[in-house]
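Below is one structure; the comments refer to it alone.
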Amino acid sequence: MRLLSRDDWYDIGRDLDWTLSYVDHAEAFPDSWSGNGNVPAPAWDAWDEPYRVTFHDYVSVQREKEGGAHAVREALKRANIFDKLDVGHTASSVMHMGTTCFVEQMAITMQSRFCRFAPTPRWRNLGVYGMLDEIRHAQLDLAFSHDLLKDDPSFDWCQKSFHTNEWAIIAIRNFFDDCMLNADCMEAAIATSLTVEHGFTNIQFVALAADAMEAGDIDFSNLLSSIQTDESRHAQCGFPAIEVLMKHDPKRAQHIFDVSFWRSFRLFQTLTGTSMDYYTPLHQRKMSFKEFMLEWVVTQHERTMRDIGLEKPWYWDEFIACLDHGHHSMHLGTWMYRPTLFWKPNAGVSPAERRWLNAKYPGWEDSWGVLWDEIIRNVNDGHIEKTVGATLPALCNLTHLPIGAHWDRHHVGKHISVFNGRQYYFDSNVSKWIFDSNPQRYAGSTNVVERFLAGQIQPMDLGGAVQWMGITPDVMGDDAYKYRWAAEYKTPHALAAE
Amino acid sequence: MALFPLYGYFKGDYIPRLIAVDTDDTFGEVANKIAEHTVGRLLPADPRATGYVVTIDDEVIDPAEILGARVAAQKVLPLHWVDVNFAY
């Protein structure tokens, strides 16, 4: 018997649904899970997936991809390639594995929610493939990191990190709790599929894979490329979801987008900005974080917003201004609090690197160079202890990132809300706006400072905090190049040297 | 006499920090405890400065004033934001 071609049966298959008779539809698809809101049922007939895939096609393609990724992995396991990599670059791969693997794991739960609770069977059908994608990504991260354990124990944090209280992990976990696990299908589609995956990580994976290849880390590049092909596919499910919502509740669509864009940006300042402008070895940098954001993320989001009918977020001008600064702040902060990291950050401010930073960011010297000058003086005077943060930074009650760290030292300010008698601090007026728009959603969370004051961290000092975060001596962060870069400043006119 | 947590920000620094002070501290001592995380670490000492000036909610505070008095009057709460700058 001749098999039907896919197009002969696909439209019937994707609309397979049941007319419920034993339970109410609202009980089977509660609004708190589906996020359907006021969208009338017939509106979902307009939900049209941007790509077509069958289980047979999916398994065939994924099998090929898995075979390719693991073939490279096996070949490189024997090549001891890790030993030849620049330590600045390896900080990026350790950070990526530790901060990403369990986000992939969380995404499995989010996609499985699409499978069960999405308002249309078409979306539920594609959720299956998204879920299988995310299982593959988490397992790939774990497999590749396991191979690298013999080279660097920090790769243990691929599995360990999300079971600790490490401060960066708390910030990441909080964001993805919000946009994946605590989100209904509609919120998750806009916040995660459309904004995080399509707008940020998809592009980041391409750039990171290219940087890794340039740095000679074929293994990491191979992993990222394999994952990116899945992400670019399943992230597209955000488009039909927001198109339906824009017709029936555009205000809600705009709000979800505005919230998730800012929160995604703050995390990208922290992880991608530091990696691109400081960890990547100078001669291997292709573009600055700001250039990358303007060319790929901003352009793409502007096009997406225009196509969908969204307005630019109200804070757009501030966001553009912060492209010059926030990631420099997060880098300075992570480097100064390096004992709280499970990777070894490159300071990235040698005279040559500093010339590059000044060329890419004309305001860098005034905002950041003056602070690094004092650090360099202390390093060269042998006062390393003065280059490590001696008390906790004030933290945002929304992002869990340091207050003031979205911009620069000329824009540090108080952003405070009081809710149910408790005072909340925010890193920016945008984060305060997000909290104020739905305080019940965010009010229960406590940041590291509040946990410290509640007595959860003992002894109440930096050593106690490091222990509480799960950092062990074998992985504890320190300057990647053991401060050799600072010695170059002992040469007169080091900054002017070519 | 009790430990008391503040958020201290030294003007020109890039972040404010958690500062442990004592309710018996004068605001001059509070200023020193905030400044020691910035001056000599991230900003150089200013040879022209005569000391530090403390500001809370836009009010300049007498450096001889005791923190505990403001805490008792609930004018300063736990994690209250305290600004410090060089005085000239």
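Identifiers in this document derive from the order of the structure tokens: chains are assigned A, B, ..., residues are numbered from 1 separately in each chain, and ligands are numbered from 1 in order of occurrence.
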
Specify as a ChimeraX atom specification all residues of chain B found within 7 Å of chain A, counting only C-alpha atoms. /B:7,12-18,40-44

Would you export the selected residues with N, CA and C atoms as a compact mmCIF listing (two decimals), in the first residue's frame, please?
# COMPACT_ATOMS: atom_id res chain seq x y z
N TYR B 7 22.35 49.87 53.37
CA TYR B 7 22.91 49.88 52.02
C TYR B 7 23.68 51.18 51.87
N GLY B 12 30.30 57.84 42.95
CA GLY B 12 31.36 57.55 42.00
C GLY B 12 31.66 56.07 41.90
N ASP B 13 31.23 55.30 42.90
CA ASP B 13 31.38 53.84 42.84
C ASP B 13 30.32 53.30 41.88
N TYR B 14 30.45 52.02 41.52
CA TYR B 14 29.50 51.48 40.53
C TYR B 14 28.33 50.74 41.16
N ILE B 15 28.42 50.39 42.43
CA ILE B 15 27.31 49.71 43.11
C ILE B 15 27.25 50.14 44.58
N PRO B 16 26.08 50.08 45.19
CA PRO B 16 25.99 50.19 46.65
C PRO B 16 26.22 48.81 47.28
N ARG B 17 26.53 48.82 48.57
CA ARG B 17 26.85 47.54 49.23
C ARG B 17 26.16 47.42 50.58
N LEU B 18 26.05 46.18 51.03
CA LEU B 18 25.57 45.91 52.37
C LEU B 18 26.67 46.31 53.36
N GLY B 40 40.36 53.74 47.88
CA GLY B 40 41.56 52.89 47.97
C GLY B 40 41.35 51.53 47.35
N ARG B 41 40.12 51.23 46.97
CA ARG B 41 39.83 49.96 46.29
C ARG B 41 39.38 50.22 44.84
N LEU B 42 38.49 51.18 44.70
CA LEU B 42 37.95 51.48 43.36
C LEU B 42 38.11 52.95 42.98
N LEU B 43 38.23 53.80 43.97
CA LEU B 43 38.48 55.22 43.72
C LEU B 43 39.66 55.64 44.58
N PRO B 44 40.51 56.52 44.05
CA PRO B 44 41.64 56.97 44.86
C PRO B 44 41.17 57.94 45.94

Excluding same-chain residues fewer than 2 positions from region 24-30 of chain B, what lies within 9 Å of it counting only C-alpha atoms, as a list in words? Met1, Ala2, Leu3, Gly8, Ile19, Ala20, Val21, Asp22, Asn32, Lys33, Ile34, Ala35, Gly51, Tyr52, Val53, Val54, Ile61, Asp62, Pro63, Ala64, Glu65, Ile66, Leu67, Gly68 and Ala69 of chain B

Saved selection, atoms kept: N, CA and C atoms, as a compact mmCIF listing (two decimals), in the first residue's frame:
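What landed in part.txt:
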# COMPACT_ATOMS: atom_id res chain seq x y z
N MET B 1 23.45 49.11 71.81
CA MET B 1 24.54 48.66 70.95
C MET B 1 24.11 47.39 70.22
N ALA B 2 23.95 47.53 68.90
CA ALA B 2 23.50 46.37 68.12
C ALA B 2 23.95 46.55 66.68
N LEU B 3 24.26 45.42 66.06
CA LEU B 3 24.59 45.47 64.64
C LEU B 3 23.38 45.92 63.84
N GLY B 8 25.00 51.07 51.74
CA GLY B 8 25.83 52.26 51.63
C GLY B 8 26.31 52.46 50.20
N ILE B 19 26.32 47.16 54.30
CA ILE B 19 27.31 47.63 55.28
C ILE B 19 26.79 47.31 56.68
N ALA B 20 27.60 46.61 57.45
CA ALA B 20 27.23 46.32 58.83
C ALA B 20 27.76 47.44 59.72
N VAL B 21 26.87 48.14 60.39
CA VAL B 21 27.28 49.21 61.30
C VAL B 21 26.73 48.90 62.69
N ASP B 22 27.04 49.77 63.63
CA ASP B 22 26.55 49.58 64.99
C ASP B 22 25.64 50.76 65.33
N ASN B 32 32.84 56.25 57.35
CA ASN B 32 34.12 55.54 57.18
C ASN B 32 33.90 54.08 56.78
N LYS B 33 32.90 53.45 57.40
CA LYS B 33 32.64 52.04 57.10
C LYS B 33 32.14 51.84 55.67
N ILE B 34 31.41 52.83 55.16
CA ILE B 34 30.96 52.75 53.77
C ILE B 34 32.13 53.06 52.82
N ALA B 35 32.89 54.08 53.16
CA ALA B 35 33.98 54.53 52.28
C ALA B 35 35.08 53.48 52.14
N GLY B 51 37.13 65.14 54.61
CA GLY B 51 36.45 64.02 55.27
C GLY B 51 35.33 63.54 54.37
N TYR B 52 34.24 63.06 54.98
CA TYR B 52 33.12 62.55 54.20
C TYR B 52 31.84 63.26 54.62
N VAL B 53 30.91 63.34 53.69
CA VAL B 53 29.61 63.88 54.00
C VAL B 53 28.57 62.77 53.78
N VAL B 54 27.65 62.66 54.75
CA VAL B 54 26.61 61.62 54.70
C VAL B 54 25.28 62.26 54.35
N ILE B 61 23.53 64.78 56.99
CA ILE B 61 23.51 64.36 58.40
C ILE B 61 24.77 64.85 59.12
N ASP B 62 24.57 65.33 60.31
CA ASP B 62 25.71 65.76 61.16
C ASP B 62 26.57 64.54 61.47
N PRO B 63 27.87 64.60 61.16
CA PRO B 63 28.72 63.42 61.40
C PRO B 63 28.82 63.03 62.87
N ALA B 64 28.49 63.94 63.77
CA ALA B 64 28.56 63.61 65.21
C ALA B 64 27.28 62.92 65.69
N GLU B 65 26.26 62.95 64.90
CA GLU B 65 24.98 62.34 65.32
C GLU B 65 25.12 60.82 65.42
N ILE B 66 24.43 60.25 66.41
CA ILE B 66 24.47 58.80 66.63
C ILE B 66 23.40 58.13 65.78
N LEU B 67 23.78 57.06 65.10
CA LEU B 67 22.85 56.34 64.23
C LEU B 67 21.63 55.86 65.01
N GLY B 68 21.87 55.34 66.23
CA GLY B 68 20.80 54.72 67.01
C GLY B 68 19.60 55.64 67.25
N ALA B 69 19.85 56.94 67.33
CA ALA B 69 18.76 57.87 67.58
C ALA B 69 17.79 57.87 66.40

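Comparing the minimum interatomic distances between Phe144 (chain A) and each of A:Val87, A:Ala494, A:Cys101, A:Ala443, counting only C-alpha atoms, we find that A:Cys101 sits nearest.
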
Shortest interatomic distance to Val76 (chain B) - which of B:Val39, B:Phe10, B:Thr55, B:Pro47, counting only C-alpha atoms: B:Thr55

To one decimal place in Å, what is the distance between CA of Asp15 (chain A) and CA of Trp47 (chain A)? 10.8 Å

From chain B, collect each residue whose DSSP state is strand (DSSP E or B) and return the set as an NGL selection string. :B and (3-10 or 17-22 or 26 or 39 or 43 or 51-56 or 59-61 or 66 or 80-87)

Just the residues within 10 Å of Phe435 (chain A), please, counting only C-alpha atoms, with nothing from its chain fewer than 3 positions along; format it as a PyMOL selection string. chain A and resi 259+397-399+417+419+424+426+429-432+438-443

Give me a file of those residues, with C-alpha atoms, as a short mmCIF file (atom, residue, chain, number, x, y, z; two decimals), in the first residue's frame.
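As written to disk, part32.cif reads:
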data_model
loop_
_atom_site.label_atom_id
_atom_site.label_comp_id
_atom_site.auth_asym_id
_atom_site.auth_seq_id
_atom_site.Cartn_x
_atom_site.Cartn_y
_atom_site.Cartn_z
CA VAL A 259 8.89 42.31 30.82
CA ASN A 397 14.61 42.13 44.50
CA LEU A 398 13.52 41.30 40.96
CA THR A 399 16.60 40.33 38.94
CA SER A 417 8.69 49.96 46.22
CA PHE A 419 4.40 46.15 49.23
CA TYR A 424 11.91 46.20 47.88
CA PHE A 426 15.47 47.38 42.31
CA ASN A 429 13.35 51.83 37.13
CA VAL A 430 12.46 49.13 34.59
CA SER A 431 12.80 46.32 37.12
CA LYS A 432 10.74 48.38 39.57
CA ASN A 438 2.36 42.41 39.40
CA PRO A 439 3.80 42.52 42.94
CA GLN A 440 2.09 39.31 44.10
CA ARG A 441 4.08 37.42 41.50
CA TYR A 442 7.49 38.57 42.74
CA ALA A 443 7.04 39.56 46.38
#

So which residues touch Ser350 (chain A) within 7 Å, counting only C-alpha atoms, skipping near sequence neighbours fewer than 4 positions away, as an NGL selection string? :A and (354 or 485-486)

Can you pull out the residues contacting Gln204 (chain A)? Cut-off 10 Å, using only C-alpha atoms, and skip same-chain residues under 5 positions away; I want them as a list in words. Glu197, His198, Gly199, Ala209, Ala210, Leu224, Gln228, Phe268, Thr272, Phe292, Met293, Trp296 and Val297 of chain A

Residues near region 302-305 of chain A, anyone? I mean within 12 Å using only C-alpha atoms, not counting same-chain ones fewer than 3 positions away, as a ChimeraX atom specification. /A:190,194-195,198-199,236,238-239,242-243,246,253-254,257-258,261,293-299,308-313,316

Selection file, N, CA and C atoms, as a PDB file, in the first residue's frame:
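Printed below is result11.pdb as written:
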ATOM      1  N   ILE A 190       5.578  33.731  24.524  1.00  0.00           N
ATOM      2  CA  ILE A 190       6.076  35.071  24.191  1.00  0.00           C
ATOM      3  C   ILE A 190       7.399  35.346  24.913  1.00  0.00           C
ATOM      4  N   LEU A 194       9.595  33.313  21.907  1.00  0.00           N
ATOM      5  CA  LEU A 194       9.785  34.476  21.042  1.00  0.00           C
ATOM      6  C   LEU A 194      10.941  35.364  21.491  1.00  0.00           C
ATOM      7  N   THR A 195      10.954  35.703  22.786  1.00  0.00           N
ATOM      8  CA  THR A 195      11.920  36.707  23.248  1.00  0.00           C
ATOM      9  C   THR A 195      13.272  36.078  23.581  1.00  0.00           C
ATOM     10  N   HIS A 198      14.174  32.941  20.443  1.00  0.00           N
ATOM     11  CA  HIS A 198      14.317  33.484  19.087  1.00  0.00           C
ATOM     12  C   HIS A 198      15.158  34.760  19.090  1.00  0.00           C
ATOM     13  N   GLY A 199      14.895  35.635  20.065  1.00  0.00           N
ATOM     14  CA  GLY A 199      15.527  36.950  20.049  1.00  0.00           C
ATOM     15  C   GLY A 199      16.930  36.993  20.594  1.00  0.00           C
ATOM     16  N   GLN A 236      10.255  29.231  16.925  1.00  0.00           N
ATOM     17  CA  GLN A 236       9.293  29.881  16.028  1.00  0.00           C
ATOM     18  C   GLN A 236       7.841  29.731  16.483  1.00  0.00           C
ATOM     19  N   GLY A 238       6.644  30.775  19.017  1.00  0.00           N
ATOM     20  CA  GLY A 238       6.209  32.007  19.665  1.00  0.00           C
ATOM     21  C   GLY A 238       5.443  32.928  18.718  1.00  0.00           C
ATOM     22  N   PHE A 239       5.751  32.856  17.432  1.00  0.00           N
ATOM     23  CA  PHE A 239       5.129  33.788  16.477  1.00  0.00           C
ATOM     24  C   PHE A 239       3.620  33.598  16.332  1.00  0.00           C
ATOM     25  N   ILE A 242       1.765  34.782  19.566  1.00  0.00           N
ATOM     26  CA  ILE A 242       1.599  36.225  19.803  1.00  0.00           C
ATOM     27  C   ILE A 242       0.698  36.844  18.735  1.00  0.00           C
ATOM     28  N   GLU A 243       0.702  36.297  17.539  1.00  0.00           N
ATOM     29  CA  GLU A 243      -0.198  36.834  16.501  1.00  0.00           C
ATOM     30  C   GLU A 243      -1.656  36.674  16.903  1.00  0.00           C
ATOM     31  N   MET A 246      -2.310  39.155  19.845  1.00  0.00           N
ATOM     32  CA  MET A 246      -2.352  40.558  19.405  1.00  0.00           C
ATOM     33  C   MET A 246      -3.729  40.958  18.879  1.00  0.00           C
ATOM     34  N   ALA A 253      -0.134  41.145  25.421  1.00  0.00           N
ATOM     35  CA  ALA A 253       1.016  40.709  24.612  1.00  0.00           C
ATOM     36  C   ALA A 253       2.184  41.673  24.771  1.00  0.00           C
ATOM     37  N   GLN A 254       1.869  42.965  24.730  1.00  0.00           N
ATOM     38  CA  GLN A 254       2.916  43.978  24.870  1.00  0.00           C
ATOM     39  C   GLN A 254       3.585  43.887  26.242  1.00  0.00           C
ATOM     40  N   PHE A 257       5.892  40.916  26.536  1.00  0.00           N
ATOM     41  CA  PHE A 257       7.106  41.165  25.744  1.00  0.00           C
ATOM     42  C   PHE A 257       8.030  42.151  26.459  1.00  0.00           C
ATOM     43  N   ASP A 258       7.469  43.246  26.954  1.00  0.00           N
ATOM     44  CA  ASP A 258       8.288  44.276  27.609  1.00  0.00           C
ATOM     45  C   ASP A 258       9.005  43.717  28.846  1.00  0.00           C
ATOM     46  N   PHE A 261      11.705  41.000  27.688  1.00  0.00           N
ATOM     47  CA  PHE A 261      12.840  41.568  26.960  1.00  0.00           C
ATOM     48  C   PHE A 261      13.846  42.169  27.938  1.00  0.00           C
ATOM     49  N   MET A 293      24.804  43.142  19.760  1.00  0.00           N
ATOM     50  CA  MET A 293      23.418  43.420  20.169  1.00  0.00           C
ATOM     51  C   MET A 293      22.722  44.304  19.130  1.00  0.00           C
ATOM     52  N   LEU A 294      23.419  45.342  18.657  1.00  0.00           N
ATOM     53  CA  LEU A 294      22.792  46.251  17.698  1.00  0.00           C
ATOM     54  C   LEU A 294      22.516  45.563  16.366  1.00  0.00           C
ATOM     55  N   GLU A 295      23.496  44.783  15.909  1.00  0.00           N
ATOM     56  CA  GLU A 295      23.347  44.182  14.586  1.00  0.00           C
ATOM     57  C   GLU A 295      22.351  43.030  14.583  1.00  0.00           C
ATOM     58  N   TRP A 296      22.353  42.234  15.631  1.00  0.00           N
ATOM     59  CA  TRP A 296      21.543  41.016  15.618  1.00  0.00           C
ATOM     60  C   TRP A 296      20.295  41.129  16.485  1.00  0.00           C
ATOM     61  N   VAL A 297      20.473  41.425  17.754  1.00  0.00           N
ATOM     62  CA  VAL A 297      19.324  41.389  18.667  1.00  0.00           C
ATOM     63  C   VAL A 297      18.392  42.579  18.433  1.00  0.00           C
ATOM     64  N   VAL A 298      18.964  43.783  18.390  1.00  0.00           N
ATOM     65  CA  VAL A 298      18.115  44.974  18.243  1.00  0.00           C
ATOM     66  C   VAL A 298      17.429  44.984  16.876  1.00  0.00           C
ATOM     67  N   THR A 299      18.202  44.763  15.831  1.00  0.00           N
ATOM     68  CA  THR A 299      17.620  44.756  14.484  1.00  0.00           C
ATOM     69  C   THR A 299      16.533  43.705  14.371  1.00  0.00           C
ATOM     70  N   ILE A 308       4.780  42.175  13.920  1.00  0.00           N
ATOM     71  CA  ILE A 308       3.687  41.698  14.777  1.00  0.00           C
ATOM     72  C   ILE A 308       2.741  42.829  15.171  1.00  0.00           C
ATOM     73  N   GLY A 309       3.247  44.053  15.148  1.00  0.00           N
ATOM     74  CA  GLY A 309       2.417  45.180  15.565  1.00  0.00           C
ATOM     75  C   GLY A 309       2.671  45.620  16.992  1.00  0.00           C
ATOM     76  N   LEU A 310       3.769  45.126  17.594  1.00  0.00           N
ATOM     77  CA  LEU A 310       4.125  45.554  18.948  1.00  0.00           C
ATOM     78  C   LEU A 310       4.781  46.931  18.900  1.00  0.00           C
ATOM     79  N   GLU A 311       4.603  47.687  19.985  1.00  0.00           N
ATOM     80  CA  GLU A 311       5.349  48.935  20.145  1.00  0.00           C
ATOM     81  C   GLU A 311       6.718  48.597  20.717  1.00  0.00           C
ATOM     82  N   LYS A 312       7.662  49.519  20.521  1.00  0.00           N
ATOM     83  CA  LYS A 312       8.929  49.352  21.243  1.00  0.00           C
ATOM     84  C   LYS A 312       8.634  49.464  22.726  1.00  0.00           C
ATOM     85  N   PRO A 313       9.309  48.670  23.575  1.00  0.00           N
ATOM     86  CA  PRO A 313       9.108  48.844  25.014  1.00  0.00           C
ATOM     87  C   PRO A 313       9.340  50.308  25.420  1.00  0.00           C
ATOM     88  N   TRP A 316      12.886  51.749  25.807  1.00  0.00           N
ATOM     89  CA  TRP A 316      13.805  51.423  24.708  1.00  0.00           C
ATOM     90  C   TRP A 316      15.037  52.324  24.703  1.00  0.00           C
TER      91      TRP A 316
END

DSSP on the backbone: what in region 137-319 of chain A comes out alpha helix (DSSP H), as an NGL selection string? :A and (137-148 or 157-160 or 167-176 or 185-188 or 202-214 or 218-234 or 238-248 or 250-268 or 274 or 289-292 or 299-308 or 316-319)

Selected residue of minimal separation from Leu149 (chain A) among A:His331, A:Lys490, A:Lys77, A:Arg116, counting only C-alpha atoms: A:Lys77

At a cut-off of 9 Å, using only C-alpha atoms, what residues contact Leu77 (chain B)? Leave out same-chain residues fewer than 6 positions from it and give the result as a PyMOL selection string. chain B and resi 5-6+70-71

Using only N, CA and C atoms, please write the residues we just selected to a file, as a PDB file, in the first residue's frame.
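Writing the result to again-v5.pdb gives the following:
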ATOM      1  N   PRO B   5      22.097  46.706  59.645  1.00  0.00           N
ATOM      2  CA  PRO B   5      22.481  46.657  58.219  1.00  0.00           C
ATOM      3  C   PRO B   5      21.986  47.870  57.433  1.00  0.00           C
ATOM      4  N   LEU B   6      22.862  48.423  56.642  1.00  0.00           N
ATOM      5  CA  LEU B   6      22.505  49.534  55.755  1.00  0.00           C
ATOM      6  C   LEU B   6      22.940  49.202  54.334  1.00  0.00           C
ATOM      7  N   ARG B  70      18.349  57.849  65.216  1.00  0.00           N
ATOM      8  CA  ARG B  70      17.488  57.830  64.022  1.00  0.00           C
ATOM      9  C   ARG B  70      16.804  56.477  63.846  1.00  0.00           C
ATOM     10  N   VAL B  71      17.507  55.417  64.261  1.00  0.00           N
ATOM     11  CA  VAL B  71      16.889  54.086  64.185  1.00  0.00           C
ATOM     12  C   VAL B  71      15.701  54.026  65.134  1.00  0.00           C
TER      13      VAL B  71
END

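In this structure, CA of Asp86 (chain A) sits 24.6 Å away from CA of Thr491 (chain A).
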